[in-house]
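Novice: Could you have a look at this structure, given as structure tokens, before my questions?
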Amino acid sequence: MKKVMLLFSLFMFISCVSSVVYRPLIDEKYPYSDHIDVYTKEKPQKPYKEIGRIIVKSRDVVKDATKKAKEVGADGIILDSESKKTVYLYRRNPKTGESDISPETEVQAVFTAIKYIEEE
């Protein structure tokens with residue numbers, strides 16, 4: 001029984017771990033960015049090109065997507081889609097031996113990483 005509970009706990013922990021995947025759309029590489037513009041409701045007003053997709057599964061998708069966008073040298077990110085689901089975490093207090101299952105909200109989002117086009 002202990003093995004079953006341990007496996008269940010491990011599965012629940014793994015299912016809630018943050019993940020960030022970057023899929024480039026072009027071959028160009030850019031230096032690290034210090035600032036990222038975040039667009040969640042509308043697209044940028046200035047010209048831009050799409051450089052990649054950022055797929056995030058975590059509790060704070062905007063923070064994690066922004067961090068990845070900085071790493072790949074983007075100027076901004078545009079939210080394409082977002083979904084939320086409730087996952088249940090099994091927690092056991094090692095001191096008391098008591099355990100409970102608590103709900104957590106997990107968010108998955110897809111962002112487009114963009115680079116502004118310099119107007120000449």
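Letters A, B, ... go to the chains of the structure tokens in the order shown; residues in each chain start at 1; ligands are counted from 1 in the same order.
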Got a sec to tell me which of region 17-80 of chain A DSSP assigns to strand (DSSP E), as a PyMOL selection string?
Specialist: chain A and resi 19-24+37-39+48-58+76-80
Novice: Please report as a Markdown table every residue of region 73-98 of chain A lying within 12 Å of region 26-30 of chain A, along with the nearest atom pair and their distance in Å (one decimal), using only C-alpha atoms.
Specialist:
```
| residue | atom | partner | partner_atom | distance |
| --- | --- | --- | --- | --- |
| A:Gly73 | CA | A:Tyr30 | CA | 4.7 |
| A:Ala74 | CA | A:Tyr30 | CA | 7.5 |
| A:Asp75 | CA | A:Tyr30 | CA | 10.0 |
```
Novice: For Asp100 (chain A), please output as number ranges by chain all residues within 7 Å (counting only C-alpha atoms; exclusion window: fewer than 5 positions along the same chain).
Specialist: A: 90-92
Novice: Counting only C-alpha atoms, which residue out of A:Glu118, A:Lys95, A:Ala113, A:Ile78 sits closest to Pro44 (chain A)?
Specialist: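 When distances to Pro44 (chain A) are compared using only C-alpha atoms, the smallest one comes from A:Ile78.
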Novice: Using only C-alpha atoms, which residue out of A:Lys63, A:Lys68, A:Arg23, A:Lys84 lies closest to Glu50 (chain A)?
Specialist: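 For Glu50 (chain A), the nearest of the candidates is A:Arg23.
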Novice: If you measure from CA of Lys115 (chain A) to CA of Lys70 (chain A), what distance in Å do you get, rounded to one decimal?
Specialist: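 Between CA of Lys115 (chain A) and CA of Lys70 (chain A) the gap works out to 11.1 Å.
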Novice: Identify which of the residues A:Glu71, A:Asp34, A:Glu82, A:Glu98 lies closest to Ser58 (chain A), counting only C-alpha atoms when measuring atom-to-atom distances.
Specialist: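 Ranked by minimum distance to Ser58 (chain A), first place goes to A:Glu82.
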Novice: For Glu104 (chain A), find every residue with an atom within 7 Å (counting only C-alpha atoms), except residues of its own chain fewer than 4 positions away, and show them as a list in words.
Specialist: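 Contacts, with the query itself left out: Thr86, Val87 and Tyr88 of chain A.
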Novice: With C-alpha atoms retained, could you export that selection as a short mmCIF file (atom, residue, chain, number, x, y, z; two decimals), in the first residue's frame?
Specialist:
```cif
data_model
loop_
_atom_site.label_atom_id
_atom_site.label_comp_id
_atom_site.auth_asym_id
_atom_site.auth_seq_id
_atom_site.Cartn_x
_atom_site.Cartn_y
_atom_site.Cartn_z
CA THR A 86 -7.71 21.57 -11.85
CA VAL A 87 -5.23 18.94 -10.71
CA TYR A 88 -5.21 17.30 -7.31
#
```
Novice: Leaving out Thr40 (chain A) and any residue of its chain fewer than 6 positions from it, which residues lie within 10 Å of it when counting only C-alpha atoms, given as number ranges by chain?
Specialist: A: 62, 77-81, 111
Novice: Please, could you write that set of residues out with C-alpha atoms as a PDB file, in the first residue's frame?
Specialist:
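Heads up, here's the output in selection-v9.pdb:
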```pdb
ATOM      1  CA  VAL A  62       3.321  34.858 -18.303  1.00  0.00           C
ATOM      2  CA  ILE A  77       5.179  37.757 -26.719  1.00  0.00           C
ATOM      3  CA  ILE A  78       1.604  37.462 -27.936  1.00  0.00           C
ATOM      4  CA  LEU A  79      -0.817  35.154 -26.103  1.00  0.00           C
ATOM      5  CA  ASP A  80      -2.371  32.793 -28.661  1.00  0.00           C
ATOM      6  CA  SER A  81      -4.305  30.428 -26.400  1.00  0.00           C
ATOM      7  CA  PHE A 111       2.619  32.388 -26.950  1.00  0.00           C
TER       8      PHE A 111
END
```
Novice: Kindly give the distance, in Å, that separates CA of Ile51 (chain A) and CA of Thr112 (chain A), rounded to a single decimal.
Specialist: 7.5 Å
Novice: Enumerate as an NGL selection string all residues of chain A assigned to alpha helix (DSSP H) by DSSP on the backbone, naming them with the chain letters and numbers the document uses.
Specialist: :A and (2-15 or 61-72)
Novice: With distances taken over only C-alpha atoms, which of A:Pro24, A:Ser83, A:Ser33, A:Gly76 is nearest to Tyr48 (chain A)?
Specialist: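 Between A:Pro24, A:Ser83, A:Ser33, A:Gly76, the residue approaching Tyr48 (chain A) most closely is A:Gly76.
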Novice: What is the CA of Gly52 (chain A) to CA of Ser18 (chain A) distance in Å?
Specialist: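 Between CA of Gly52 (chain A) and CA of Ser18 (chain A) the gap is 19.4 Å.
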Novice: Write out as a list in words which residues come within 8 Å of Lys49 (chain A) when counting only C-alpha atoms, dropping same-chain ones fewer than 3 positions away.
Specialist: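 Surrounding residues, per the criterion: Ile114, Lys115, Tyr116 and Ile117 of chain A.
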